[in-house]
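Enquirer: Quick one: the structure is below, and I'll ask about it shortly.
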Amino acid sequence: MSHTALLTIAVAGVATLLLLILRAKVQPFVALMVVSIGVALAAGVPAADLVKTIEDGMGATLGHIATIIALGAMIGRIIELSGGAHAFAHSLIERFGSRRTPLALTVAGFALGIPVFFEVGLIILMPIAYGVARAARKPLLVYALPMGAAMLTVHAFLPPHPGAVAVAATIGASQGLMLLLGLPITAVVALFGYFVSRRLTRREYPMDPAVYAEVYGEPEGGSAEGGSVVSGSAEDGHGTAVLTKPAPSQTDVRPPSFGMVLALIVTPILLILLGTIGQNTLAEGSTLRAVLTVLGAPMVALLIDVALCGWLLGARRGWNRGHIAEVMGSALPPVAMVILVAGAGGVFGKVLVASGIGDAIADVLDRTGLPVLVLGFLTALALRAAQGSATVALITTAGILTPLLQRADLSTGQLSLVALAMGAGALALSHINDAGYWMFTKLAGLDVASGLRTWTVLTTVMGCAGFALTAALWPLV
């Protein structure tokens, strides 16, 4: 089949995928599977090989990422339910002082965003922003905007978040190098976002009366401070959220200390980084290198951290084994669909390769003359703008660009930077087709126009800044 025909099938497949997700509201996992099968048959993949192609794509992807995503979710869940996230955020606010509270919440969003998924982190920290805004009598957006953007930055760029993990597995990047290079990049981007948000929040924006009453008024039944956010679904299908009073405490056990929560967040990162450094600096065959390689494997590092979280935040603070197991198990249902979507993305990528579409796309992209770093950023940016989900944008971009990256013969460090450039593209242009956009704007009480002027502008500026920093590192790897 000619390259023109293959490219036509690819364009039709991506267009169908977008229509299914955006117009027909089909679940992304189902949409990806349907489109993958359709593209495979249209491109001439033999019917006898179709099932094996799907199984190979799903198995190869989930073999890398399913365990990592599940363990990361367990860590975040234990930190959340133990009260560690609230304690960590309040400790930062005390340390930074009232004048720097927005910066403290930005740091809290960045740090807690590493083990905790974006949506969950927003649910945990937004009540704290409510309480601070009420006490200071300042606009909620001053505190919420940089905090939410910092969490989204980590979600788009770094493992163990599903998009970054899936990209690393698909294109052959090193998760250790992604952390080593990505942590300083995301830290700078989050700080840059804090300063940009200060300019964006100099003016006040219209605020939903119900959210205004929750934050600044005294609703009947008591203050909203210290409450929690419960997400639901509006009739239009977008996530909404309301502030509710917390359930009565079952115990008088003090919340975890700042140092303990910070240590548990940092432990898997350090282990993964030590494994990467050991592989690049120690002699092959040495015992220390072998030990660091095992401990630094993302799966092992996260498994160790799950055990530490269960012991330090659970057993030592009165949780019995059954309760610890229940908390860990409760982390899995919310991420099950994320794992399946990532697997379906792997199927789509496998179909592109098996059908020859990948090579045809690689030829076209190669002829553009654009560096692979730019292509990774622009492709992820376009898909993010078109269909909304950062995770789906990253997975699809990785599948499209893998043949070109294999042809380019890049080093592991360069592939890791390409993965980070894709993350920068996935961070930008969060707008009305993104569930995260609706979740943030509903929690912050913003209308659509105000959300576009603040949240969308900030995420786009931060995504471009992240790409600029990634490009600056390219000559060094």
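So you can find residues: chains in the structure tokens are A, B, ... in the order shown, residues in each start at 1, and ligands are numbered from 1 in order.
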Could you give me, as a PDB file with C-alpha atoms, in the first residue's frame, each residue of region 223-466 of chain A that DSSP assigns to alpha helix (DSSP H) when run on this structure's backbone?

Expert:
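Everything below was put into selection.pdb:
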ATOM      1  CA  PHE A 258       6.099  17.227  57.730  1.00  0.00           C
ATOM      2  CA  GLY A 259       9.456  15.441  57.682  1.00  0.00           C
ATOM      3  CA  MET A 260       7.899  11.988  57.476  1.00  0.00           C
ATOM      4  CA  VAL A 261       5.630  12.880  54.558  1.00  0.00           C
ATOM      5  CA  LEU A 262       8.473  14.600  52.730  1.00  0.00           C
ATOM      6  CA  ALA A 263      10.749  11.589  53.270  1.00  0.00           C
ATOM      7  CA  LEU A 264       8.115   9.225  51.891  1.00  0.00           C
ATOM      8  CA  ILE A 265       7.617  11.429  48.810  1.00  0.00           C
ATOM      9  CA  VAL A 266      11.351  11.646  48.160  1.00  0.00           C
ATOM     10  CA  THR A 267      12.322   8.008  48.884  1.00  0.00           C
ATOM     11  CA  PRO A 268      11.279   6.412  45.561  1.00  0.00           C
ATOM     12  CA  ILE A 269      12.678   9.373  43.625  1.00  0.00           C
ATOM     13  CA  LEU A 270      16.059   9.005  45.312  1.00  0.00           C
ATOM     14  CA  LEU A 271      16.117   5.242  44.753  1.00  0.00           C
ATOM     15  CA  ILE A 272      15.323   5.632  41.047  1.00  0.00           C
ATOM     16  CA  LEU A 273      17.941   8.366  40.676  1.00  0.00           C
ATOM     17  CA  LEU A 274      20.570   6.289  42.499  1.00  0.00           C
ATOM     18  CA  GLY A 275      19.844   3.373  40.182  1.00  0.00           C
ATOM     19  CA  THR A 276      20.263   5.582  37.125  1.00  0.00           C
ATOM     20  CA  ILE A 277      23.479   7.159  38.431  1.00  0.00           C
ATOM     21  CA  GLY A 278      24.858   3.725  39.325  1.00  0.00           C
ATOM     22  CA  GLN A 279      24.217   2.373  35.837  1.00  0.00           C
ATOM     23  CA  ASN A 280      25.980   5.351  34.263  1.00  0.00           C
ATOM     24  CA  THR A 281      28.968   5.660  36.620  1.00  0.00           C
ATOM     25  CA  THR A 287      28.011  -5.633  43.255  1.00  0.00           C
ATOM     26  CA  LEU A 288      27.054  -2.063  44.152  1.00  0.00           C
ATOM     27  CA  ARG A 289      25.832  -1.401  40.634  1.00  0.00           C
ATOM     28  CA  ALA A 290      23.717  -4.554  40.720  1.00  0.00           C
ATOM     29  CA  VAL A 291      22.185  -3.585  44.066  1.00  0.00           C
ATOM     30  CA  LEU A 292      21.438  -0.019  42.956  1.00  0.00           C
ATOM     31  CA  THR A 293      19.997  -1.272  39.673  1.00  0.00           C
ATOM     32  CA  VAL A 294      17.508  -3.478  41.508  1.00  0.00           C
ATOM     33  CA  LEU A 295      16.608  -0.872  44.134  1.00  0.00           C
ATOM     34  CA  GLY A 296      16.394   1.836  41.469  1.00  0.00           C
ATOM     35  CA  PRO A 298      10.787   2.082  39.414  1.00  0.00           C
ATOM     36  CA  MET A 299       8.665  -0.916  40.332  1.00  0.00           C
ATOM     37  CA  VAL A 300      10.966  -1.908  43.212  1.00  0.00           C
ATOM     38  CA  ALA A 301      11.427   1.670  44.438  1.00  0.00           C
ATOM     39  CA  LEU A 302       7.676   2.237  44.577  1.00  0.00           C
ATOM     40  CA  LEU A 303       7.077  -1.155  46.202  1.00  0.00           C
ATOM     41  CA  ILE A 304       9.548  -0.253  48.955  1.00  0.00           C
ATOM     42  CA  ASP A 305       7.800   3.080  49.444  1.00  0.00           C
ATOM     43  CA  VAL A 306       4.379   1.412  49.636  1.00  0.00           C
ATOM     44  CA  ALA A 307       5.711  -0.803  52.427  1.00  0.00           C
ATOM     45  CA  LEU A 308       7.182   2.220  54.254  1.00  0.00           C
ATOM     46  CA  CYS A 309       3.925   4.171  53.876  1.00  0.00           C
ATOM     47  CA  ARG A 321      -3.554  -4.965  58.662  1.00  0.00           C
ATOM     48  CA  GLY A 322      -7.067  -5.224  57.319  1.00  0.00           C
ATOM     49  CA  HIS A 323      -7.476  -1.459  57.199  1.00  0.00           C
ATOM     50  CA  ILE A 324      -4.098  -0.995  55.494  1.00  0.00           C
ATOM     51  CA  ALA A 325      -5.056  -3.554  52.860  1.00  0.00           C
ATOM     52  CA  GLU A 326      -8.434  -1.845  52.411  1.00  0.00           C
ATOM     53  CA  VAL A 327      -6.799   1.564  51.904  1.00  0.00           C
ATOM     54  CA  MET A 328      -4.352   0.143  49.363  1.00  0.00           C
ATOM     55  CA  GLY A 329      -7.163  -1.626  47.553  1.00  0.00           C
ATOM     56  CA  SER A 330      -9.264   1.549  47.437  1.00  0.00           C
ATOM     57  CA  LEU A 332      -6.964   0.767  42.478  1.00  0.00           C
ATOM     58  CA  PRO A 333     -10.508   1.338  41.123  1.00  0.00           C
ATOM     59  CA  PRO A 334      -9.873   5.025  40.249  1.00  0.00           C
ATOM     60  CA  VAL A 335      -6.731   4.157  38.252  1.00  0.00           C
ATOM     61  CA  ALA A 336      -8.029   1.000  36.575  1.00  0.00           C
ATOM     62  CA  MET A 337      -9.411   2.924  33.609  1.00  0.00           C
ATOM     63  CA  VAL A 338      -6.238   5.000  33.365  1.00  0.00           C
ATOM     64  CA  ILE A 339      -4.233   1.776  33.079  1.00  0.00           C
ATOM     65  CA  LEU A 340      -6.580   0.410  30.414  1.00  0.00           C
ATOM     66  CA  VAL A 341      -6.412   3.663  28.427  1.00  0.00           C
ATOM     67  CA  ALA A 342      -2.626   3.479  28.523  1.00  0.00           C
ATOM     68  CA  GLY A 343      -2.781  -0.119  27.321  1.00  0.00           C
ATOM     69  CA  ALA A 344      -5.150   0.810  24.499  1.00  0.00           C
ATOM     70  CA  GLY A 345      -2.725   3.558  23.516  1.00  0.00           C
ATOM     71  CA  GLY A 346      -0.050   0.874  23.292  1.00  0.00           C
ATOM     72  CA  VAL A 347      -2.332  -1.121  20.999  1.00  0.00           C
ATOM     73  CA  PHE A 348      -2.775   1.912  18.735  1.00  0.00           C
ATOM     74  CA  GLY A 349       0.981   2.405  18.589  1.00  0.00           C
ATOM     75  CA  LYS A 350       1.540  -1.284  17.775  1.00  0.00           C
ATOM     76  CA  VAL A 351      -1.032  -1.100  14.980  1.00  0.00           C
ATOM     77  CA  LEU A 352       0.733   1.926  13.483  1.00  0.00           C
ATOM     78  CA  VAL A 353       3.991  -0.007  13.398  1.00  0.00           C
ATOM     79  CA  ALA A 354       2.580  -3.335  12.189  1.00  0.00           C
ATOM     80  CA  SER A 355       0.581  -1.711   9.389  1.00  0.00           C
ATOM     81  CA  ILE A 357       1.697   3.612   8.906  1.00  0.00           C
ATOM     82  CA  GLY A 358       4.403   4.427  11.422  1.00  0.00           C
ATOM     83  CA  ASP A 359       7.103   4.367   8.764  1.00  0.00           C
ATOM     84  CA  ALA A 360       4.966   6.473   6.424  1.00  0.00           C
ATOM     85  CA  ILE A 361       4.414   9.066   9.157  1.00  0.00           C
ATOM     86  CA  ALA A 362       8.125   8.977   9.997  1.00  0.00           C
ATOM     87  CA  ASP A 363       8.964   9.729   6.355  1.00  0.00           C
ATOM     88  CA  VAL A 364       6.621  12.727   6.274  1.00  0.00           C
ATOM     89  CA  LEU A 365       7.807  14.115   9.599  1.00  0.00           C
ATOM     90  CA  ASP A 366      11.429  13.552   8.612  1.00  0.00           C
ATOM     91  CA  ARG A 367      10.914  15.629   5.485  1.00  0.00           C
ATOM     92  CA  VAL A 372      12.461  15.482  16.876  1.00  0.00           C
ATOM     93  CA  LEU A 373      12.271  17.540  20.081  1.00  0.00           C
ATOM     94  CA  VAL A 374      10.088  20.136  18.336  1.00  0.00           C
ATOM     95  CA  LEU A 375       7.972  17.438  16.701  1.00  0.00           C
ATOM     96  CA  GLY A 376       7.347  15.785  20.063  1.00  0.00           C
ATOM     97  CA  PHE A 377       6.237  19.066  21.610  1.00  0.00           C
ATOM     98  CA  LEU A 378       4.043  20.193  18.710  1.00  0.00           C
ATOM     99  CA  THR A 379       2.373  16.802  18.222  1.00  0.00           C
ATOM    100  CA  ALA A 380       1.501  16.487  21.911  1.00  0.00           C
ATOM    101  CA  LEU A 381       0.341  20.115  21.946  1.00  0.00           C
ATOM    102  CA  ALA A 382      -1.950  19.576  18.957  1.00  0.00           C
ATOM    103  CA  LEU A 383      -3.471  16.402  20.371  1.00  0.00           C
ATOM    104  CA  ARG A 384      -3.871  17.983  23.806  1.00  0.00           C
ATOM    105  CA  ALA A 385      -5.693  20.955  22.283  1.00  0.00           C
ATOM    106  CA  ALA A 386      -7.853  18.701  20.120  1.00  0.00           C
ATOM    107  CA  GLN A 387      -9.062  16.072  22.587  1.00  0.00           C
ATOM    108  CA  ALA A 390      -2.980  15.011  28.697  1.00  0.00           C
ATOM    109  CA  THR A 391      -2.553  11.253  29.180  1.00  0.00           C
ATOM    110  CA  VAL A 392      -4.211  10.333  25.873  1.00  0.00           C
ATOM    111  CA  ALA A 393      -2.224  13.056  24.084  1.00  0.00           C
ATOM    112  CA  LEU A 394       1.056  11.676  25.437  1.00  0.00           C
ATOM    113  CA  ILE A 395       0.236   8.050  24.646  1.00  0.00           C
ATOM    114  CA  THR A 396      -0.908   8.846  21.116  1.00  0.00           C
ATOM    115  CA  THR A 397       2.088  11.100  20.433  1.00  0.00           C
ATOM    116  CA  ALA A 398       4.483   8.375  21.555  1.00  0.00           C
ATOM    117  CA  GLY A 399       2.826   5.870  19.230  1.00  0.00           C
ATOM    118  CA  ILE A 400       2.976   8.244  16.268  1.00  0.00           C
ATOM    119  CA  LEU A 401       6.606   9.281  16.753  1.00  0.00           C
ATOM    120  CA  THR A 402       8.180   5.962  17.795  1.00  0.00           C
ATOM    121  CA  PRO A 403       9.190   4.904  14.229  1.00  0.00           C
ATOM    122  CA  LEU A 404      10.807   8.292  13.608  1.00  0.00           C
ATOM    123  CA  LEU A 405      12.653   8.154  16.940  1.00  0.00           C
ATOM    124  CA  GLN A 406      13.944   4.659  16.186  1.00  0.00           C
ATOM    125  CA  ARG A 407      15.211   5.873  12.829  1.00  0.00           C
ATOM    126  CA  ALA A 408      16.913   8.881  14.460  1.00  0.00           C
ATOM    127  CA  THR A 412      18.702   7.299  26.147  1.00  0.00           C
ATOM    128  CA  GLY A 413      19.265  10.823  27.459  1.00  0.00           C
ATOM    129  CA  GLN A 414      17.981  12.384  24.237  1.00  0.00           C
ATOM    130  CA  LEU A 415      14.914  10.107  24.265  1.00  0.00           C
ATOM    131  CA  SER A 416      14.247  11.194  27.845  1.00  0.00           C
ATOM    132  CA  LEU A 417      14.334  14.841  26.770  1.00  0.00           C
ATOM    133  CA  VAL A 418      11.954  14.072  23.895  1.00  0.00           C
ATOM    134  CA  ALA A 419       9.603  12.503  26.453  1.00  0.00           C
ATOM    135  CA  LEU A 420       9.825  15.668  28.571  1.00  0.00           C
ATOM    136  CA  ALA A 421       9.148  17.814  25.492  1.00  0.00           C
ATOM    137  CA  MET A 422       5.992  15.775  24.922  1.00  0.00           C
ATOM    138  CA  GLY A 423       5.084  16.454  28.545  1.00  0.00           C
ATOM    139  CA  ALA A 424       5.468  20.177  27.918  1.00  0.00           C
ATOM    140  CA  GLY A 425       3.045  19.919  25.016  1.00  0.00           C
ATOM    141  CA  ALA A 426       0.572  17.963  27.149  1.00  0.00           C
ATOM    142  CA  LEU A 427       0.736  20.626  29.882  1.00  0.00           C
ATOM    143  CA  ALA A 435     -11.892  17.522  32.518  1.00  0.00           C
ATOM    144  CA  GLY A 436      -9.116  19.106  34.586  1.00  0.00           C
ATOM    145  CA  TYR A 437     -10.100  22.543  33.298  1.00  0.00           C
ATOM    146  CA  TRP A 438     -13.695  22.044  34.429  1.00  0.00           C
ATOM    147  CA  MET A 439     -12.659  20.630  37.763  1.00  0.00           C
ATOM    148  CA  PHE A 440     -10.400  23.585  38.539  1.00  0.00           C
ATOM    149  CA  THR A 441     -12.797  26.276  37.316  1.00  0.00           C
ATOM    150  CA  LYS A 442     -15.761  24.775  39.202  1.00  0.00           C
ATOM    151  CA  LEU A 443     -13.739  24.563  42.411  1.00  0.00           C
ATOM    152  CA  ALA A 444     -12.429  28.104  41.960  1.00  0.00           C
ATOM    153  CA  VAL A 448     -15.720  29.841  31.176  1.00  0.00           C
ATOM    154  CA  ALA A 449     -14.250  33.168  30.006  1.00  0.00           C
ATOM    155  CA  SER A 450     -12.350  33.713  33.265  1.00  0.00           C
ATOM    156  CA  GLY A 451     -11.051  30.148  33.178  1.00  0.00           C
ATOM    157  CA  VAL A 457      -3.226  31.057  29.627  1.00  0.00           C
ATOM    158  CA  LEU A 458      -1.123  29.928  32.588  1.00  0.00           C
ATOM    159  CA  THR A 459      -0.871  26.266  31.521  1.00  0.00           C
ATOM    160  CA  THR A 460       0.045  27.310  27.973  1.00  0.00           C
ATOM    161  CA  VAL A 461       2.765  29.720  29.103  1.00  0.00           C
ATOM    162  CA  MET A 462       4.140  27.100  31.486  1.00  0.00           C
ATOM    163  CA  GLY A 463       4.114  24.423  28.763  1.00  0.00           C
ATOM    164  CA  CYS A 464       6.094  26.677  26.420  1.00  0.00           C
ATOM    165  CA  ALA A 465       8.539  27.479  29.229  1.00  0.00           C
ATOM    166  CA  GLY A 466       8.960  23.764  29.936  1.00  0.00           C
TER     167      GLY A 466
END

Enquirer: I'd like the neighbourhood of Ser197 (chain A) as a PyMOL selection string, where a residue qualifies if any of its atoms comes within 12 Å (using only C-alpha atoms), though same-chain residues fewer than 3 positions away should be ignored.

Expert: chain A and resi 102-103+106+141-150+189-194+200-203+453-459+461-462

Enquirer: Can you pull out every residue within 12 Å of Leu92 (chain A), counting only C-alpha atoms, but drop anything in the same chain fewer than 4 positions away, and send it as a ChimeraX atom specification?

Expert: /A:85-88,96-98,100-112,128,257-259,261-262

Enquirer: Within 10 Å of Met207 (chain A), counting only C-alpha atoms, which residues qualify if same-chain residues fewer than 2 places away don't, as a list of chain:residue names?

Expert: A:Pro139, A:Leu140, A:Leu141, A:Glu204, A:Tyr205, A:Pro209, A:Ala210, A:Val211, A:Tyr212, A:Ala213, A:Thr441, A:Lys442, A:Ala444, A:Gly445, A:Leu446, A:Asp447, A:Ser450
